[in-house]
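Below: run.txt (compact mmCIF, C-alpha atoms (C1' of nucleotides))
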```
# COMPACT_ATOMS: atom_id res chain seq x y z
CA MET H 4 -31.99 -21.05 -24.52
CA VAL H 5 -28.73 -22.10 -22.96
CA GLU H 6 -28.56 -21.16 -19.31
CA HIS H 7 -25.35 -19.41 -18.48
CA LEU H 8 -24.00 -18.95 -15.03
CA PRO H 9 -23.43 -15.35 -13.97
CA ALA H 10 -19.72 -15.65 -14.74
CA THR H 11 -18.36 -13.30 -12.13
CA LEU H 12 -15.04 -11.57 -12.47
CA ASN H 13 -14.00 -13.36 -9.31
CA GLY H 14 -14.45 -16.71 -10.96
CA VAL H 15 -12.98 -15.74 -14.29
CA PHE H 16 -9.84 -14.14 -12.87
CA HIS H 17 -9.42 -16.98 -10.42
CA ALA H 18 -9.71 -19.51 -13.23
CA LEU H 19 -7.12 -17.65 -15.27
CA ALA H 20 -4.68 -17.37 -12.38
CA ASP H 21 -3.53 -20.95 -12.94
CA PRO H 22 -1.13 -21.76 -15.79
CA THR H 23 -2.64 -25.18 -16.40
CA ARG H 24 -6.03 -23.61 -16.90
CA ARG H 25 -4.65 -20.86 -19.11
CA ALA H 26 -3.03 -23.55 -21.23
CA MET H 27 -6.38 -25.28 -21.47
CA VAL H 28 -8.01 -22.06 -22.60
CA HIS H 29 -5.28 -21.70 -25.18
CA HIS H 30 -5.84 -25.26 -26.29
CA LEU H 31 -9.58 -24.77 -26.56
CA ALA H 32 -9.15 -21.60 -28.55
CA SER H 33 -8.35 -23.66 -31.63
CA GLY H 34 -11.35 -25.93 -31.31
CA GLU H 35 -13.23 -28.45 -29.21
CA ARG H 36 -11.32 -30.83 -26.98
CA THR H 37 -12.20 -33.79 -24.81
CA VAL H 38 -11.20 -33.80 -21.15
CA SER H 39 -8.45 -36.30 -21.93
CA GLU H 40 -7.12 -34.13 -24.70
CA LEU H 41 -7.08 -31.14 -22.39
CA ALA H 42 -5.35 -33.20 -19.74
CA SER H 43 -2.70 -34.93 -21.81
CA PRO H 44 -0.15 -32.08 -22.08
CA HIS H 45 -0.03 -31.72 -18.32
CA ALA H 46 1.99 -33.76 -15.87
CA MET H 47 -0.83 -34.62 -13.54
CA SER H 48 -3.51 -37.22 -13.05
CA LEU H 49 -6.63 -37.14 -15.17
CA ALA H 50 -8.60 -36.50 -12.01
CA ALA H 51 -6.59 -33.36 -11.32
CA ALA H 52 -7.07 -32.12 -14.87
CA SER H 53 -10.75 -32.90 -14.60
CA LYS H 54 -10.92 -30.56 -11.63
CA HIS H 55 -9.31 -27.80 -13.66
CA VAL H 56 -11.87 -28.35 -16.38
CA ARG H 57 -14.57 -28.03 -13.78
CA VAL H 58 -13.14 -24.73 -12.51
CA LEU H 59 -13.16 -23.38 -16.05
CA GLU H 60 -16.70 -24.61 -16.51
CA GLN H 61 -17.93 -23.01 -13.31
CA ALA H 62 -16.25 -19.78 -14.30
CA GLY H 63 -18.33 -19.90 -17.45
CA LEU H 64 -15.27 -20.19 -19.68
CA LEU H 65 -15.95 -23.72 -20.84
CA ARG H 66 -19.03 -25.47 -22.09
CA ARG H 67 -19.33 -29.22 -22.00
CA ALA H 68 -21.23 -31.45 -24.38
CA ILE H 69 -21.47 -35.02 -23.19
CA GLU H 70 -21.36 -37.49 -26.04
CA GLY H 71 -21.39 -41.00 -24.78
CA ARG H 72 -18.48 -41.39 -22.43
CA VAL H 73 -16.67 -38.45 -23.98
CA HIS H 74 -17.07 -34.90 -22.74
CA ARG H 75 -16.49 -32.53 -25.58
CA CYS H 76 -15.42 -29.12 -24.30
CA SER H 77 -15.54 -25.78 -26.04
CA LEU H 78 -14.41 -22.31 -25.12
CA GLU H 79 -16.98 -19.75 -24.08
CA ARG H 80 -15.55 -16.37 -24.91
CA GLN H 81 -18.07 -14.08 -23.34
CA PRO H 82 -16.59 -14.18 -19.81
CA LEU H 83 -13.19 -13.50 -21.31
CA VAL H 84 -14.67 -10.45 -22.92
CA GLN H 85 -16.01 -9.37 -19.54
CA ALA H 86 -12.59 -9.63 -17.97
CA PHE H 87 -11.07 -7.93 -20.97
CA SER H 88 -13.54 -5.08 -20.65
CA TRP H 89 -12.84 -4.67 -16.97
CA LEU H 90 -9.11 -4.44 -17.61
CA ARG H 91 -9.55 -2.06 -20.45
CA ALA H 92 -10.66 0.68 -18.08
CA TYR H 93 -7.40 0.54 -16.17
CA THR H 94 -4.90 0.14 -18.93
CA ASP H 95 -3.91 3.14 -20.87
CA PHE H 96 -3.19 0.65 -23.60
CA TRP H 97 -6.10 1.90 -25.59
CA ASP H 98 -6.20 5.59 -24.93
CA ALA H 99 -2.49 6.06 -25.24
CA ARG H 100 -2.23 4.43 -28.61
CA PHE H 101 -5.63 4.51 -30.16
CA ASP H 102 -5.21 7.77 -31.94
CA ALA H 103 -1.90 6.83 -33.46
CA LEU H 104 -3.35 3.54 -34.55
CA GLU H 105 -6.32 5.13 -36.10
CA ASP H 106 -3.93 7.05 -38.25
CA LEU H 107 -1.94 3.96 -39.09
CA LEU H 108 -4.78 1.62 -39.79
CA ASN H 109 -7.26 3.97 -41.29
CA ALA H 110 -5.68 4.18 -44.68
CA GLY H 111 -9.08 3.28 -46.06
CA ASP H 112 -11.97 3.96 -43.77
CA ASP H 113 -14.70 1.38 -43.31
CA ASP H 114 -17.53 0.92 -40.93
CA ASP H 115 -16.50 0.71 -37.33
CA ARG H 116 -18.12 0.25 -33.99
CA ALA H 117 -15.73 1.88 -31.62
CA MET N 1111 15.87 2.49 -12.67
CA VAL N 1112 13.42 0.84 -10.38
CA GLU N 1113 13.69 -2.91 -10.25
CA HIS N 1114 10.32 -4.49 -10.90
CA LEU N 1115 9.32 -8.02 -10.16
CA PRO N 1116 8.55 -10.15 -13.20
CA ALA N 1117 4.80 -9.58 -12.79
CA THR N 1118 3.58 -12.96 -13.91
CA LEU N 1119 0.11 -13.56 -15.24
CA ASN N 1120 -0.35 -15.92 -12.33
CA GLY N 1121 0.15 -13.13 -9.86
CA VAL N 1122 -1.80 -10.52 -11.75
CA PHE N 1123 -4.85 -12.68 -12.35
CA HIS N 1124 -4.73 -13.95 -8.79
CA ALA N 1125 -4.58 -10.40 -7.47
CA LEU N 1126 -7.55 -9.40 -9.59
CA ALA N 1127 -9.63 -12.39 -8.53
CA ASP N 1128 -10.52 -10.65 -5.27
CA PRO N 1129 -13.19 -7.92 -5.24
CA THR N 1130 -11.48 -5.97 -2.46
CA ARG N 1131 -8.32 -5.78 -4.52
CA ARG N 1132 -10.20 -4.87 -7.69
CA ALA N 1133 -11.84 -2.06 -5.74
CA MET N 1134 -8.40 -0.92 -4.64
CA VAL N 1135 -7.22 -0.91 -8.23
CA HIS N 1136 -10.26 1.13 -9.13
CA HIS N 1137 -9.54 3.50 -6.30
CA LEU N 1138 -5.92 3.87 -7.32
CA ALA N 1139 -6.87 4.53 -10.92
CA SER N 1140 -7.84 8.07 -10.01
CA GLY N 1141 -4.64 8.84 -8.16
CA GLU N 1142 -2.32 7.99 -5.32
CA ARG N 1143 -3.74 6.65 -2.08
CA THR N 1144 -2.34 5.81 1.31
CA VAL N 1145 -2.87 2.34 2.75
CA SER N 1146 -5.47 3.76 5.14
CA GLU N 1147 -7.31 5.40 2.30
CA LEU N 1148 -7.33 2.16 0.37
CA ALA N 1149 -8.53 0.31 3.44
CA SER N 1150 -11.27 2.64 4.64
CA PRO N 1151 -14.06 1.64 2.22
CA HIS N 1152 -13.75 -1.99 3.22
CA ALA N 1153 -15.27 -3.69 6.23
CA MET N 1154 -12.10 -5.27 7.51
CA SER N 1155 -9.18 -4.53 9.77
CA LEU N 1156 -6.35 -2.34 8.55
CA ALA N 1157 -4.06 -5.33 8.83
CA ALA N 1158 -6.24 -7.30 6.44
CA ALA N 1159 -6.34 -4.44 3.95
CA SER N 1160 -2.59 -4.09 4.31
CA LYS N 1161 -2.26 -7.70 3.20
CA HIS N 1162 -4.33 -6.98 0.11
CA VAL N 1163 -2.10 -4.03 -0.67
CA ARG N 1164 0.86 -6.35 -0.37
CA VAL N 1165 -0.67 -8.85 -2.79
CA LEU N 1166 -1.20 -6.07 -5.31
CA GLU N 1167 2.34 -4.90 -4.76
CA GLN N 1168 3.82 -8.34 -5.26
CA ALA N 1169 1.76 -8.76 -8.40
CA GLY N 1170 3.45 -5.60 -9.64
CA LEU N 1171 0.18 -3.71 -9.81
CA LEU N 1172 1.00 -1.27 -7.06
CA ARG N 1173 4.02 0.79 -6.27
CA ARG N 1174 4.66 2.07 -2.78
CA ALA N 1175 6.45 5.27 -1.81
CA ILE N 1176 7.16 5.51 1.88
CA GLU N 1177 6.93 9.07 3.14
CA GLY N 1178 7.44 9.19 6.85
CA ARG N 1179 4.87 6.90 8.39
CA VAL N 1180 2.62 7.11 5.36
CA HIS N 1181 2.84 4.67 2.49
CA ARG N 1182 1.68 6.38 -0.66
CA CYS N 1183 0.51 3.87 -3.23
CA SER N 1184 0.13 4.27 -6.93
CA LEU N 1185 -1.17 2.04 -9.69
CA GLU N 1186 1.28 0.35 -11.98
CA ARG N 1187 -0.53 -0.23 -15.25
CA GLN N 1188 1.98 -2.31 -17.12
CA PRO N 1189 0.97 -5.67 -15.59
CA LEU N 1190 -2.64 -4.81 -16.33
CA VAL N 1191 -1.65 -4.32 -19.92
CA GLN N 1192 0.00 -7.73 -19.88
CA ALA N 1193 -3.16 -9.39 -18.67
CA PHE N 1194 -5.17 -7.33 -21.13
CA SER N 1195 -2.94 -8.49 -23.94
CA TRP N 1196 -3.22 -12.11 -22.93
CA LEU N 1197 -7.00 -11.92 -22.88
CA ARG N 1198 -7.13 -10.12 -26.13
CA ALA N 1199 -5.95 -13.18 -28.00
CA TYR N 1200 -8.96 -15.18 -26.83
CA THR N 1201 -11.71 -12.67 -27.22
CA ASP N 1202 -13.01 -12.05 -30.67
CA PHE N 1203 -14.21 -8.79 -29.35
CA TRP N 1204 -12.19 -6.61 -31.62
CA ASP N 1205 -12.22 -7.02 -35.31
CA ALA N 1206 -9.42 -7.93 -37.62
CA ARG N 1207 -7.95 -4.48 -37.95
CA PHE N 1208 -6.75 -4.71 -34.39
CA ASP N 1209 -4.75 -7.80 -35.14
CA ALA N 1210 -2.43 -5.44 -36.88
CA LEU N 1211 -2.39 -3.50 -33.65
CA GLU N 1212 -1.16 -6.50 -31.78
CA ASP N 1213 1.63 -6.99 -34.25
CA LEU N 1214 2.67 -3.44 -33.72
CA LEU N 1215 2.53 -3.40 -29.98
CA ASN N 1216 3.13 -7.04 -29.27
CA ALA N 1217 4.38 -7.59 -25.78
CA GLY N 1218 5.22 -11.20 -26.47
CA ASP N 1219 3.21 -14.36 -25.91
CA ASP N 1220 4.70 -15.70 -22.75
CA ASP N 1221 3.17 -18.53 -20.87
CA ASP N 1222 4.69 -18.09 -17.50
CA ARG N 1223 4.40 -21.39 -15.80
CA ALA N 1224 5.27 -20.99 -12.17
C1' DG D 659 -20.54 -60.98 -21.37
C1' DC D 660 -16.19 -58.96 -20.46
C1' DA D 661 -12.55 -55.87 -20.77
C1' DA D 662 -10.92 -51.48 -21.87
C1' DT D 663 -11.81 -46.52 -22.12
C1' DT D 664 -13.54 -41.95 -20.45
C1' DA D 665 -14.49 -39.42 -16.90
C1' DT D 666 -16.20 -38.18 -12.16
C1' DA D 667 -16.49 -38.94 -6.93
C1' DA D 668 -14.57 -39.32 -2.54
C1' DA D 669 -11.21 -39.17 0.86
C1' DC D 670 -7.11 -37.34 2.03
C1' DC D 671 -2.92 -34.17 2.28
C1' DG D 672 0.11 -30.00 2.50
C1' DA D 673 0.19 -25.35 1.36
C1' DA D 674 -1.88 -21.02 0.45
C1' DT D 675 -5.87 -17.54 1.31
C1' DG D 676 -8.34 -14.26 3.79
C1' DG D 677 -9.58 -12.89 7.88
C1' DT D 678 -8.81 -11.90 13.09
C1' DT D 679 -6.30 -9.96 17.30
C1' DG D 680 -2.44 -8.11 19.70
C1' DA D 681 2.02 -6.38 19.82
C1' DG D 682 5.55 -3.35 18.07
C1' DC D 683 7.91 0.26 15.36
C1' DA D 684 8.41 4.72 13.35
C1' DT D 685 6.82 9.12 12.92
C1' DC D 686 4.36 13.20 13.67
C1' DT D 687 2.33 16.55 17.07
C1' DG D 688 1.11 19.02 21.32
C1' DC Q 1224 8.56 13.65 26.57
C1' DA Q 1225 4.07 11.60 25.90
C1' DG Q 1226 0.58 10.31 23.11
C1' DA Q 1227 -1.74 9.55 18.86
C1' DT Q 1228 -1.25 7.92 14.11
C1' DG Q 1229 0.09 4.86 10.12
C1' DC Q 1230 1.43 0.72 9.16
C1' DT Q 1231 3.49 -3.94 9.57
C1' DC Q 1232 4.46 -8.33 11.88
C1' DA Q 1233 3.35 -12.58 14.15
C1' DA Q 1234 0.38 -15.95 15.64
C1' DC Q 1235 -3.75 -18.09 14.98
C1' DC Q 1236 -7.96 -19.95 12.59
C1' DA Q 1237 -11.23 -21.72 9.07
C1' DT Q 1238 -11.57 -22.40 4.32
C1' DT Q 1239 -9.98 -23.15 -0.26
C1' DC Q 1240 -6.61 -24.95 -3.59
C1' DG Q 1241 -4.10 -28.14 -6.20
C1' DG Q 1242 -2.61 -32.36 -6.15
C1' DT Q 1243 -2.79 -37.54 -4.97
C1' DT Q 1244 -4.95 -42.34 -4.83
C1' DT Q 1245 -8.62 -45.49 -4.94
C1' DA Q 1246 -13.13 -46.55 -6.26
C1' DT Q 1247 -17.04 -46.23 -9.30
C1' DA Q 1248 -20.19 -45.23 -13.16
C1' DA Q 1249 -21.14 -45.19 -18.02
C1' DT Q 1250 -20.00 -46.37 -22.67
C1' DT Q 1251 -17.74 -48.82 -26.32
C1' DG Q 1252 -15.68 -52.74 -28.69
C1' DC Q 1253 -14.29 -57.61 -29.11
```

Represent the structure from my file as C-alpha cells, please.
Amino acid sequence: MVEHLPATLNGVFHALADPTRRAMVHHLASGERTVSELASPHAMSLAAASKHVRVLEQAGLLRRAIEGRVHRCSLERQPLVQAFSWLRAYTDFWDARFDALEDLLNAGDDDDRA
Amino acid sequence: MVEHLPATLNGVFHALADPTRRAMVHHLASGERTVSELASPHAMSLAAASKHVRVLEQAGLLRRAIEGRVHRCSLERQPLVQAFSWLRAYTDFWDARFDALEDLLNAGDDDDRA
DNA sequence: GCAATTATAAACCGAATGGTTGAGCATCTG
DNA sequence: CAGATGCTCAACCATTCGGTTTATAATTGC
C-alpha cells in the first residue's frame, strides 16, 4: 500500500530537535494542515517553513497529499512511537511508577495489553 | 544540590539524533563508564568521542565525576523522561487510562524555543 | 487571458556538526 | 624523576543546517 520510508531514529530525533518543527508536529496533532498554515505562526519565509516540512516528511513524521496547488499535510505517528519506544528503555518513568499506577488506575480491571 | 542545566528538548533531541551518542546512552544505562570506555566501541579518535560525551553532558543526559585523571560518567535519566513525556502526547500508543497517568505525573508542557 | 495564490527550486550565506591531528595537562606508576 | 595513561584543547576541514532572496511552476478565480 503506502510506501513508508524507513524512518530512522536519526531522522526522527533530528527532526524533533528543532522547535519550529516540534511546533508543526503539535499543530498537526489536531488535524491536517496546509504548508501555509504550518508556516504562518512562524517568523520566517514560506520557503524556510517549506524546508522544515520537508525535514518532517523525510523523517516519516508527515505525510503530504497534494490537492491542486495545496499540499495537505498530516501527522504520521508511527515514527513518534518508535522514538517513544526507544526512550522508554532508558527512562525509569515506567518501571518506577507503573506498579503504583496500576494500583491507582485499576479500580475496575479491564482488558489490557501491557 | 547539584546545579543542572535547563536540559531543553532541543538539546536532548539533538543529542539523541546521533547513533554514537545513542550507543553511549545505551552503554551508560547499565552503569558508570569512563570516557575511554564510552569511546572504545566506536571507530573514531578519543577526542571525537570526548566531544560526543560533552554533547551528552550539555544536554543534561550525562553527569561527570572527575576522579584523578579518570572521568567517570553516569546517565542522567530526567531529561530522557522529559523527551519521553513530550513524545507521549503525540503517540496514541497508550490507551486512555494512561492519560490519567499524565495528569498525575505531569512534568509540564513546555515548548522551549531557543 | 491574466493576475493572484500556493508551494518548491536554486543560489547563497553564516554558523554549527562531526571528524581529524597534534599539543598539552594532570595523574598515576615504576 | 621519567614515562605512560586519561582526557581535553585548539586548529583545521568538509558537510550540514537554518535562514535569506529571487525565480519558477502549477492552480485557481475574475

Specify as a list of chain:residue names all residues of chain D found within 10 Å of chain H, counting all atoms listed in the file.
-> D:DT663, D:DT664, D:DA665, D:DT666, D:DA667

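Atom CA of H:Arg36 is positioned 5.6 Å from atom CA of H:Arg75.
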
Each side padded by 4 Å, which centre and which edge lengths in Å (one decimal) define the axis-aligned box around the listed atoms of stretch 662-671 of chain D? Give them as lines of an AutoDock Vina configuration file.
```
center_x = -9.7
center_y = -42.8
center_z = -9.9
size_x = 21.6
size_y = 25.3
size_z = 32.4
```

Could you please tell me, as a list in words, which residues of chain Q have an atom within 8 Å of chain H when using all atoms listed in the file?
->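 The contacting residues on chain Q are DG1241, DG1242, DA1249 and DT1250 of chain Q.
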
Exercise answer, chain N residues close to chain H, 7 Å and only C-alpha atoms, as number ranges by chain | N: 1119-1121, 1123-1124, 1126-1129, 1139, 1187, 1190-1191, 1194, 1197-1198, 1200-1201, 1203, 1223

Preceding selection exported with C-alpha atoms as a PDB file, in the coordinates of the input:
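What landed in part_10.pdb:
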```pdb
ATOM      1  CA  LEU N1119       0.110 -13.560 -15.240  1.00  0.00           C
ATOM      2  CA  ASN N1120      -0.350 -15.920 -12.330  1.00  0.00           C
ATOM      3  CA  GLY N1121       0.150 -13.130  -9.860  1.00  0.00           C
ATOM      4  CA  PHE N1123      -4.850 -12.680 -12.350  1.00  0.00           C
ATOM      5  CA  HIS N1124      -4.730 -13.950  -8.790  1.00  0.00           C
ATOM      6  CA  LEU N1126      -7.550  -9.400  -9.590  1.00  0.00           C
ATOM      7  CA  ALA N1127      -9.630 -12.390  -8.530  1.00  0.00           C
ATOM      8  CA  ASP N1128     -10.520 -10.650  -5.270  1.00  0.00           C
ATOM      9  CA  PRO N1129     -13.190  -7.920  -5.240  1.00  0.00           C
ATOM     10  CA  ALA N1139      -6.870   4.530 -10.920  1.00  0.00           C
ATOM     11  CA  ARG N1187      -0.530  -0.230 -15.250  1.00  0.00           C
ATOM     12  CA  LEU N1190      -2.640  -4.810 -16.330  1.00  0.00           C
ATOM     13  CA  VAL N1191      -1.650  -4.320 -19.920  1.00  0.00           C
ATOM     14  CA  PHE N1194      -5.170  -7.330 -21.130  1.00  0.00           C
ATOM     15  CA  LEU N1197      -7.000 -11.920 -22.880  1.00  0.00           C
ATOM     16  CA  ARG N1198      -7.130 -10.120 -26.130  1.00  0.00           C
ATOM     17  CA  TYR N1200      -8.960 -15.180 -26.830  1.00  0.00           C
ATOM     18  CA  THR N1201     -11.710 -12.670 -27.220  1.00  0.00           C
ATOM     19  CA  PHE N1203     -14.210  -8.790 -29.350  1.00  0.00           C
ATOM     20  CA  ARG N1223       4.400 -21.390 -15.800  1.00  0.00           C
TER      21      ARG N1223
END
```

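Taking atom C1' of Q:DT1245 and atom CA of H:Val56 as the two end points, the separation is 20.9 Å.
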
Distance query D:DG680 at most 10 Å, all atoms listed in the file, self and fewer than 2 positions along chain excluded, as number ranges by chain | D: 678, 682; Q: 1233-1234

Separation of atom C1' of D:DA662 from atom CA of H:Arg57 in Å | 25.1 Å
